[in-house]
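Coordinates from final_9.cif are shown below (mmCIF, C-alpha atoms).
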```cif
data_data
loop_
_atom_site.label_atom_id
_atom_site.label_comp_id
_atom_site.auth_asym_id
_atom_site.auth_seq_id
_atom_site.Cartn_x
_atom_site.Cartn_y
_atom_site.Cartn_z
CA MET M 1 16.84 109.95 -25.34
CA ASN M 2 15.56 106.93 -23.44
CA PRO M 3 18.43 104.66 -22.25
CA MET M 4 16.48 101.66 -23.53
CA ASP M 5 16.47 103.22 -26.99
CA ASN M 6 20.25 103.62 -26.84
CA LEU M 7 20.61 100.01 -25.77
CA GLU M 8 18.34 98.84 -28.58
CA LYS M 9 20.55 100.58 -31.17
CA GLN M 10 23.54 98.66 -29.87
CA LEU M 11 21.67 95.38 -30.34
CA ILE M 12 20.94 95.90 -34.06
CA CYS M 13 22.56 93.49 -36.54
CA PRO M 14 24.37 95.44 -39.33
CA ILE M 15 23.15 92.93 -41.93
CA CYS M 16 19.41 92.45 -41.32
CA LEU M 17 19.05 95.79 -39.44
CA GLU M 18 16.92 93.99 -36.86
CA MET M 19 17.66 93.03 -33.27
CA PHE M 20 20.16 90.18 -33.09
CA THR M 21 18.58 86.76 -33.54
CA LYS M 22 20.10 84.03 -31.40
CA PRO M 23 22.56 82.45 -31.71
CA VAL M 24 24.79 85.55 -31.88
CA VAL M 25 28.41 85.02 -33.01
CA ILE M 26 31.37 87.30 -32.28
CA LEU M 27 33.98 87.92 -35.01
CA PRO M 28 37.74 88.22 -34.39
CA CYS M 29 37.33 92.00 -34.77
CA GLN M 30 34.92 91.92 -31.77
CA HIS M 31 31.83 92.83 -33.84
CA ASN M 32 28.69 90.71 -33.52
CA LEU M 33 26.37 89.16 -36.13
CA CYS M 34 23.38 86.86 -36.18
CA ARG M 35 24.73 83.45 -37.12
CA LYS M 36 22.23 83.27 -39.99
CA CYS M 37 23.36 86.68 -41.31
CA ALA M 38 27.01 85.67 -40.94
CA ASN M 39 26.30 82.49 -42.91
CA ASP M 40 24.48 84.48 -45.64
CA ILE M 41 27.35 86.93 -46.14
CA PHE M 42 29.87 84.07 -45.96
CA GLN M 43 28.08 82.18 -48.74
CA ALA M 44 27.82 85.34 -50.85
CA SER M 45 31.59 85.90 -50.52
CA ASN M 46 32.38 82.24 -51.30
CA PRO M 47 29.83 81.21 -53.97
CA TYR M 48 31.87 78.28 -55.29
CA LEU M 49 32.50 76.50 -51.99
CA PRO M 50 30.56 73.23 -51.43
CA THR M 51 27.44 73.54 -49.29
CA ARG M 52 25.27 71.13 -47.35
CA GLY M 53 21.88 72.00 -45.96
CA GLY M 54 22.30 75.67 -46.92
CA SER M 55 25.59 76.08 -45.03
CA VAL M 56 29.15 76.14 -46.34
CA THR M 57 30.97 73.01 -45.22
CA SER M 58 34.55 74.10 -45.82
CA GLY M 59 36.80 76.98 -44.86
CA GLY M 60 36.76 80.38 -46.53
CA ARG M 61 36.81 84.08 -45.77
CA PHE M 62 34.61 87.17 -45.76
CA ARG M 63 34.80 90.76 -44.57
CA CYS M 64 33.15 92.15 -41.46
CA PRO M 65 30.32 94.48 -42.60
CA SER M 66 31.12 96.95 -39.82
CA CYS M 67 34.92 97.43 -40.12
CA ARG M 68 35.79 95.49 -43.35
CA HIS M 69 38.23 93.33 -41.38
CA GLU M 70 38.88 90.04 -43.21
CA VAL M 71 37.56 87.03 -41.27
CA VAL M 72 39.16 83.66 -42.09
CA LEU M 73 37.11 80.58 -41.19
CA ASP M 74 38.14 76.95 -40.83
CA ARG M 75 36.33 73.90 -42.20
CA HIS M 76 33.47 74.43 -39.72
CA GLY M 77 32.50 77.72 -41.40
CA VAL M 78 30.44 80.15 -39.32
CA TYR M 79 29.65 77.33 -36.88
CA GLY M 80 33.27 77.52 -35.77
CA LEU M 81 32.77 81.12 -34.53
CA GLN M 82 32.34 81.64 -30.79
CA ARG M 83 28.85 82.53 -29.53
CA ASN M 84 28.50 85.79 -27.62
CA LEU M 85 26.46 84.62 -24.64
CA LEU M 86 26.71 88.04 -22.99
CA VAL M 87 24.91 89.73 -25.88
CA GLU M 88 22.30 86.96 -25.96
CA ASN M 89 21.58 87.46 -22.23
CA ILE M 90 21.33 91.24 -22.72
CA ILE M 91 18.80 90.67 -25.53
CA ASP M 92 16.68 88.48 -23.27
CA MET M 93 16.73 91.08 -20.48
CA PHE M 94 15.95 93.88 -22.94
CA LYS M 95 12.93 92.00 -24.31
CA GLN M 96 11.65 91.32 -20.79
CA GLU M 97 12.06 94.97 -19.82
CA SER M 98 10.37 96.17 -23.01
CA THR M 99 7.42 93.84 -22.41
CA SER M 100 6.92 94.96 -18.80
CA SER M 101 7.30 98.67 -19.48
CA LYS M 102 4.34 100.83 -20.36
CA PRO M 103 3.79 101.61 -24.02
CA ALA M 104 4.89 105.06 -25.00
CA PRO M 105 2.12 107.50 -25.97
CA ASP M 106 1.48 107.79 -29.67
CA ARG M 107 3.20 110.73 -31.22
CA LYS M 108 1.03 112.85 -33.44
CA GLU M 109 2.54 112.93 -36.88
CA GLU M 110 2.43 116.21 -38.71
CA GLN M 111 1.18 116.01 -42.29
CA PRO M 112 2.73 118.52 -44.72
CA LEU M 113 0.51 121.31 -46.02
CA CYS M 114 0.14 122.64 -49.54
CA GLU M 115 2.32 125.67 -50.24
CA VAL M 116 -0.28 127.17 -52.60
CA HIS M 117 -3.51 126.59 -50.66
CA GLU M 118 -3.04 127.54 -47.03
CA GLY M 119 -4.27 124.97 -44.55
CA GLU M 120 -4.85 122.25 -47.18
CA LYS M 121 -3.11 118.94 -46.44
CA ILE M 122 -1.20 117.11 -49.15
CA ASN M 123 -3.36 114.04 -49.73
CA ILE M 124 -3.09 113.05 -53.42
CA TYR M 125 -0.29 112.39 -55.90
CA CYS M 126 -0.04 114.00 -59.36
CA VAL M 127 1.05 111.21 -61.69
CA THR M 128 1.58 113.63 -64.59
CA HIS M 129 4.16 115.76 -62.78
CA SER M 130 5.31 113.10 -60.26
CA VAL M 131 4.71 115.30 -57.21
CA PRO M 132 2.41 115.04 -54.16
CA THR M 133 -0.24 117.77 -53.98
CA CYS M 134 -3.57 118.67 -52.36
CA SER M 135 -7.19 118.21 -53.46
CA MET M 136 -7.67 121.96 -54.10
CA CYS M 137 -4.85 121.90 -56.66
CA LYS M 138 -6.70 119.10 -58.47
CA VAL M 139 -10.07 120.89 -58.37
CA PHE M 140 -9.08 124.33 -59.65
CA GLY M 141 -5.34 124.62 -59.22
CA ALA M 142 -2.24 123.84 -61.28
CA HIS M 143 -3.07 120.11 -61.47
CA LYS M 144 -6.73 120.28 -62.49
CA ASP M 145 -6.01 118.63 -65.89
CA CYS M 146 -3.50 116.11 -64.54
CA GLU M 147 -3.86 112.44 -63.73
CA VAL M 148 -3.81 111.86 -59.98
CA ALA M 149 -3.71 108.83 -57.70
CA PRO M 150 -4.06 108.15 -53.96
CA LEU M 151 -0.91 108.68 -51.92
CA THR M 152 -1.16 105.14 -50.56
CA SER M 153 -0.82 103.38 -53.90
CA ILE M 154 2.08 105.53 -55.10
CA TYR M 155 3.70 105.27 -51.68
CA GLN M 156 3.65 101.47 -51.75
CA THR M 157 4.87 101.32 -55.37
CA GLN M 158 7.82 103.66 -54.95
CA LYS M 159 8.74 102.22 -51.56
CA THR M 160 8.90 98.78 -53.15
CA GLU M 161 11.04 100.13 -56.01
CA LEU M 162 13.35 101.85 -53.55
CA SER M 163 13.64 98.70 -51.46
CA ASP M 164 14.47 96.62 -54.54
CA GLY M 165 16.96 99.24 -55.67
CA ILE M 166 18.70 99.28 -52.30
CA ALA M 167 18.95 95.49 -52.33
CA MET M 168 20.43 95.61 -55.82
CA VAL M 169 23.01 98.25 -54.84
CA VAL M 170 23.98 96.26 -51.72
CA GLY M 171 24.55 93.18 -53.86
CA ASN M 172 26.47 95.26 -56.38
CA ASN M 173 28.63 96.69 -53.58
CA ASP M 174 29.57 93.16 -52.53
CA ARG M 175 30.66 92.41 -56.09
CA ILE M 176 32.67 95.64 -56.22
CA GLN M 177 34.34 94.71 -52.94
CA GLY M 178 35.30 91.38 -54.48
CA ILE M 179 36.74 93.18 -57.53
CA ILE M 180 38.76 95.49 -55.27
CA SER M 181 40.17 92.47 -53.44
CA GLN M 182 41.14 90.91 -56.76
CA LEU M 183 42.78 94.18 -57.85
CA GLU M 184 44.77 94.26 -54.62
CA GLU M 185 45.90 90.68 -55.27
CA THR M 186 46.84 91.72 -58.81
CA CYS M 187 49.00 94.56 -57.46
CA ARG M 188 50.83 92.16 -55.18
CA ALA M 189 51.30 89.66 -58.01
CA ILE M 190 52.68 92.35 -60.33
CA GLU M 191 55.11 93.52 -57.66
CA GLU M 192 56.27 89.96 -56.96
CA ASN M 193 56.58 89.05 -60.65
CA GLY M 194 58.42 92.29 -61.36
CA ARG M 195 60.91 91.66 -58.56
CA ARG M 196 61.43 88.06 -59.66
CA GLN M 197 62.04 88.97 -63.28
CA LYS M 198 64.42 91.81 -62.41
CA SER M 199 66.34 89.42 -60.13
CA GLN M 200 66.69 86.91 -62.98
CA VAL M 201 67.83 89.61 -65.41
CA CYS M 202 70.38 91.00 -62.94
CA GLU M 203 71.66 87.52 -62.06
CA LYS M 204 72.43 86.73 -65.70
CA PHE M 205 73.99 90.11 -66.43
CA ASP M 206 76.30 89.83 -63.41
CA ASN M 207 78.20 87.04 -65.23
CA LEU M 208 79.02 89.23 -68.23
CA TYR M 209 81.78 91.78 -68.79
CA THR M 210 81.52 95.51 -67.99
CA ILE M 211 80.38 96.21 -71.53
CA LEU M 212 77.01 94.61 -70.64
CA GLU M 213 76.33 96.86 -67.61
CA GLU M 214 74.55 99.48 -69.71
CA LYS M 215 72.41 96.80 -71.34
CA LYS M 216 71.58 95.31 -67.93
CA ARG M 217 70.46 98.70 -66.62
CA GLU M 218 68.41 99.37 -69.73
CA MET M 219 66.50 96.07 -69.56
CA SER M 220 65.94 96.42 -65.82
CA GLN M 221 64.47 99.86 -66.42
CA LYS M 222 62.08 98.40 -69.01
CA VAL M 223 60.84 95.80 -66.53
CA THR M 224 60.44 98.53 -63.91
CA ALA M 225 58.69 100.84 -66.37
CA GLU M 226 56.10 98.20 -67.27
CA GLN M 227 55.68 97.25 -63.61
CA GLU M 228 55.09 100.88 -62.62
CA GLU M 229 52.78 101.45 -65.58
CA LYS M 230 50.69 98.41 -64.68
CA LEU M 231 50.67 99.28 -60.98
CA THR M 232 49.68 102.87 -61.74
CA TYR M 233 46.83 101.61 -63.91
CA ILE M 234 45.66 99.00 -61.39
CA ARG M 235 45.91 101.42 -58.46
CA GLY M 236 44.01 104.05 -60.41
CA LEU M 237 41.36 101.47 -61.24
CA THR M 238 41.25 100.45 -57.57
CA ARG M 239 40.64 104.08 -56.57
CA LYS M 240 37.85 104.37 -59.14
CA TYR M 241 36.13 101.26 -57.78
CA GLY M 242 36.68 102.50 -54.24
CA ASP M 243 35.16 105.89 -55.05
CA HIS M 244 32.21 104.16 -56.71
CA LEU M 245 31.77 101.92 -53.66
CA GLU M 246 31.91 104.87 -51.27
CA GLU M 247 29.32 106.77 -53.30
CA SER M 248 27.08 103.70 -53.45
CA CYS M 249 27.31 103.24 -49.67
CA LYS M 250 26.28 106.85 -49.15
CA ILE M 251 23.29 106.36 -51.43
CA VAL M 252 22.34 103.18 -49.56
CA GLU M 253 22.56 105.03 -46.24
CA THR M 254 20.39 107.84 -47.61
CA GLY M 255 17.91 105.28 -48.97
CA ILE M 256 17.69 103.49 -45.63
CA GLN M 257 17.02 106.79 -43.88
CA ALA M 258 14.30 107.53 -46.42
CA MET M 259 12.76 104.10 -45.82
CA GLU M 260 12.37 104.99 -42.15
CA GLU M 261 10.26 108.05 -42.99
CA PRO M 262 6.70 107.20 -41.83
CA GLU M 263 4.97 110.06 -43.65
CA MET M 264 4.07 109.14 -47.21
CA ALA M 265 4.14 112.65 -48.63
CA ILE M 266 7.56 113.46 -47.21
CA PHE M 267 8.84 110.12 -48.46
CA LEU M 268 7.52 110.74 -51.97
CA GLN M 269 9.17 114.15 -52.10
CA THR M 270 12.61 112.50 -52.00
CA SER M 271 12.07 109.01 -53.35
CA LYS M 272 12.24 109.84 -57.07
CA ASN M 273 15.69 111.43 -56.87
CA LEU M 274 16.87 108.52 -54.75
CA LEU M 275 15.68 106.02 -57.34
CA ILE M 276 17.58 107.90 -60.07
CA LYS M 277 20.76 107.90 -57.97
CA ILE M 278 20.37 104.21 -57.19
CA GLU M 279 20.00 103.39 -60.88
CA LYS M 280 23.25 105.21 -61.62
CA ALA M 281 25.04 103.62 -58.67
CA SER M 282 23.99 100.14 -59.79
CA SER M 283 25.94 100.38 -63.04
CA THR M 284 29.67 99.70 -63.28
CA ALA M 285 29.79 99.74 -67.07
CA HIS M 286 31.93 102.90 -67.00
CA LEU M 287 34.67 101.14 -64.98
CA ASP M 288 37.42 99.21 -66.77
CA LYS M 289 37.87 95.47 -66.31
CA VAL M 290 41.36 93.90 -66.10
CA GLU M 291 41.88 91.10 -68.58
CA ARG M 292 43.17 87.69 -67.51
CA GLY M 293 46.97 87.48 -67.30
CA TYR M 294 47.45 91.25 -67.04
CA ASP M 295 49.74 90.72 -64.04
CA ASN M 296 51.98 88.30 -65.96
CA MET M 297 55.47 89.64 -66.72
CA ASP M 298 57.10 86.41 -67.85
CA HIS M 299 57.82 87.95 -71.26
CA TYR M 300 60.95 89.51 -69.72
CA CYS M 301 62.72 86.16 -69.40
CA VAL M 302 66.22 86.57 -70.85
CA ASN M 303 68.55 83.91 -72.28
CA LEU M 304 72.13 85.21 -72.73
CA LYS M 305 73.87 81.94 -73.56
CA LYS M 306 74.52 82.93 -77.19
CA GLU M 307 75.74 86.40 -76.20
CA ARG M 308 78.03 84.96 -73.50
CA ASN M 309 79.65 82.56 -75.99
CA ALA M 310 80.20 85.39 -78.47
CA LEU M 311 81.72 87.71 -75.86
CA SER M 312 84.15 85.03 -74.65
CA ASN M 313 85.95 85.23 -78.04
CA ILE M 314 86.24 89.02 -78.26
CA ASP M 315 89.68 90.64 -77.89
CA PHE M 316 89.20 94.28 -76.94
CA ILE M 317 92.83 95.16 -77.83
CA ARG M 318 92.49 95.93 -81.56
CA ASP M 319 95.24 96.80 -84.04
CA LEU M 320 95.01 99.88 -86.21
CA ASP M 321 94.58 97.67 -89.26
CA ASP M 322 91.46 96.20 -87.77
CA GLU M 323 89.81 99.64 -87.73
CA GLU M 324 89.77 99.60 -91.54
CA GLU M 325 87.60 96.47 -91.38
CA ASP M 326 84.89 98.14 -89.29
CA GLY M 327 82.63 98.27 -92.32
CA ASP M 328 82.78 94.45 -92.56
CA VAL M 329 82.00 93.80 -88.89
CA GLY M 330 79.10 91.36 -88.44
CA THR M 331 78.86 90.52 -92.17
CA PRO M 332 77.35 87.19 -93.30
CA GLY M 333 80.88 86.06 -94.26
CA ALA M 334 81.88 85.54 -90.65
CA GLU M 335 82.39 81.90 -89.75
CA ASP M 336 81.52 80.04 -86.53
CA VAL M 337 82.37 81.74 -83.25
CA GLU M 338 85.28 79.47 -82.50
CA GLY M 339 88.37 80.50 -84.49
CA THR M 340 86.76 83.62 -86.06
CA PRO M 341 88.75 86.86 -86.45
CA VAL M 342 88.37 89.42 -83.69
CA ALA M 343 86.30 91.85 -85.79
CA ALA M 344 83.93 89.11 -86.93
CA ALA M 345 83.46 87.86 -83.38
CA GLY M 346 82.73 91.41 -82.27
CA GLY M 347 80.14 91.65 -85.03
CA VAL M 348 78.43 88.48 -83.83
CA ALA M 349 78.33 89.84 -80.27
CA THR M 350 76.99 93.19 -81.43
CA ALA M 351 74.28 91.51 -83.49
CA ALA M 352 73.39 89.20 -80.63
CA LEU M 353 73.14 92.12 -78.23
CA ALA M 354 70.96 94.01 -80.67
CA GLN M 355 68.69 90.97 -81.01
CA SER M 356 68.42 90.52 -77.22
CA SER M 357 67.59 94.21 -76.71
CA ALA M 358 64.93 94.10 -79.43
CA VAL M 359 62.86 91.47 -77.62
CA PRO M 360 61.98 93.55 -74.53
CA SER M 361 61.56 96.63 -76.73
CA GLN M 362 58.83 94.88 -78.69
CA LEU M 363 57.24 93.46 -75.55
CA ASN M 364 57.37 96.83 -73.81
CA SER M 365 54.16 97.76 -75.60
CA SER M 366 52.26 94.93 -73.89
CA PRO M 367 50.86 96.99 -70.96
CA ILE M 368 49.44 99.58 -73.35
CA ALA M 369 47.90 96.89 -75.50
CA ALA M 370 46.53 95.15 -72.43
CA LYS M 371 45.14 98.43 -71.13
CA SER M 372 43.47 99.11 -74.47
CA THR M 373 41.96 95.64 -74.46
CA ALA M 374 40.77 96.10 -70.88
CA SER M 375 39.21 99.46 -71.72
CA THR M 376 37.47 97.94 -74.73
#
```

Go ahead and render the structure in this file as structure tokens.
Amino acid sequence: MNPMDNLEKQLICPICLEMFTKPVVILPCQHNLCRKCANDIFQASNPYLPTRGGSVTSGGRFRCPSCRHEVVLDRHGVYGLQRNLLVENIIDMFKQESTSSKPAPDRKEEQPLCEVHEGEKINIYCVTHSVPTCSMCKVFGAHKDCEVAPLTSIYQTQKTELSDGIAMVVGNNDRIQGIISQLEETCRAIEENGRRQKSQVCEKFDNLYTILEEKKREMSQKVTAEQEEKLTYIRGLTRKYGDHLEESCKIVETGIQAMEEPEMAIFLQTSKNLLIKIEKASSTAHLDKVERGYDNMDHYCVNLKKERNALSNIDFIRDLDDEEEDGDVGTPGAEDVEGTPVAAAGGVATAALAQSSAVPSQLNSSPIAAKSTAST
């Protein structure tokens, strides 16, 4: 391969797929972009930031299209990125060399031949069966009763459809990338909220007597169970979006390769399947959406003031006569906590503990309900 061709490939912008247009900016990850392309992708990633004259006028962030590294910009936006003068000079030298060099001889393109009629070139398109064919097939072959059209018209139509489809998938991939970033933020928020709530629960239970240790462990396990259930769901959803994004990128790459095919007949042989794949890749209706507040775990806030007051009046050394009153423990006849008999105070504590354990048990169904709502 010509060294100039290799150099030209290195000077292609990953956004516009054309040779870099000056000024060229270099990202922190050492990849290069046209400043205009960098500004376009920056605005697409930050649609709600204020703009002036078509450029974002405040800080934000976007991901490098080559390595997905997150680029954080200050208030100057893409104009705060450093210009790559070396690349700009190489572009100038490349253009001068290309202009002075002799044009390469035209390469004779081979036109596909009909498989049925030997030596006949494929030069028409059967609209009825959506396949390219030859004139002999139309005259007395399998397509003699079919509607046909010139290859040029069908070529332009389907190439336009494929181009529009690729643009739509690229835009959809950007939205999916944004959703994945939000899902990653949700995972971090769930982990942080789960740790905070478990810390609060453990801090309050540490002030109680040994009898509360089992209850502390039980409630901590419920917080952990919901946290793990939510994280498992969010991570699974993240993998689904990631798989969908990977598949869409492959389709886009295949579509771009098809767009580079100069021969109309060869292009039309693959374009229909590509359009079907692109239509499927453009839809995310089969992927769940996470409802607002799904990462919230504040419902595990615990107030043990009432239980602590009840436990402070319990005498664990009980007489044998008190065992006969077990059936009356926690009855409505018990008076206020202060000055109550030991059995009655124990009943109040038992009832209070039962009430406190019922709250997280009821709320434990929240992730399932949230997941059902999200699936709906």

Polymer residues at most 12 Å from Thr270 of chain M, only C-alpha atoms, same-chain spacing of 2 or more positions, as a PyMOL selection string: chain M and resi 130-132+155+158-159+162+254-255+257-259+261+263-268+272-277

Closest pair table for segment 58-95 of chain M residues within 10 Å of segment 165-179 of chain M, all atoms listed in the file, as a tab-separated table:
```
residue	atom	partner	partner_atom	distance
M:Phe62	CA	M:Gly178	CA	9.7
M:Arg63	CA	M:Gln177	CA	9.3
M:Arg68	CA	M:Gln177	CA	9.7
```

Reference answer for the PyMOL selection byres ((chain M and resi 7) around 12), as a VMD selection string: chain M and resid 1 to 6 8 to 12 19 87 90 to 91 93 to 95 97 to 98

Radius query 9 Å about (50.6, 93.9, -57.7), atoms used: all atoms listed in the file, as a list in words: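 Every residue inside that radius is included here: Leu183, Glu184, Glu185, Thr186, Cys187, Arg188, Ala189, Ile190, Glu191, Glu192, Asn193, Gly194, Gln227, Lys230, Leu231, Ile234, Arg235 and Asp295 of chain M.
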
Kindly provide, as JSON, the centre and edge lengths (Å, one decimal) of an axis-aligned box around all atoms of segment 142-151 of chain M given in the file, with 3 Å on each side.
```
{"center_x": -3.8, "center_y": 116.0, "center_z": -58.9, "size_x": 11.8, "size_y": 21.7, "size_z": 20.0}
```

Test item: the PyMOL selection byres ((chain M and resi 123) around 7) resolved as a list in words: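 Checking the PyMOL selection byres ((chain M and resi 123) around 7) against this file, the residues are Lys121, Ile122, Ile124, Thr133, Cys134, Ser135 and Leu151 of chain M.
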
Residues returned when the PyMOL selection byres ((chain M and resi 26-39) around 6) runs on this file, as a VMD selection string: chain M and resid 13 20 to 21 23 to 25 40 to 42 78 82 84

Å distance separating atom CA of Arg195 of chain M from atom CA of Val223 of chain M, one decimal place: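 Between these atoms lies a distance of 9.0 Å.
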
Selection: 8 Å around segment 281-289 of chain M, all atoms listed in the file, excl. self and same-chain fewer than 3 positions, as a ChimeraX atom specification: /M:168-169,172,237,240-241,244,247-248,251,277-278,374-375

Point-to-point distance in Å for atom CA of Val252 of chain M and atom CA of Glu279 of chain M: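 Interatomic distance here is 11.6 Å.
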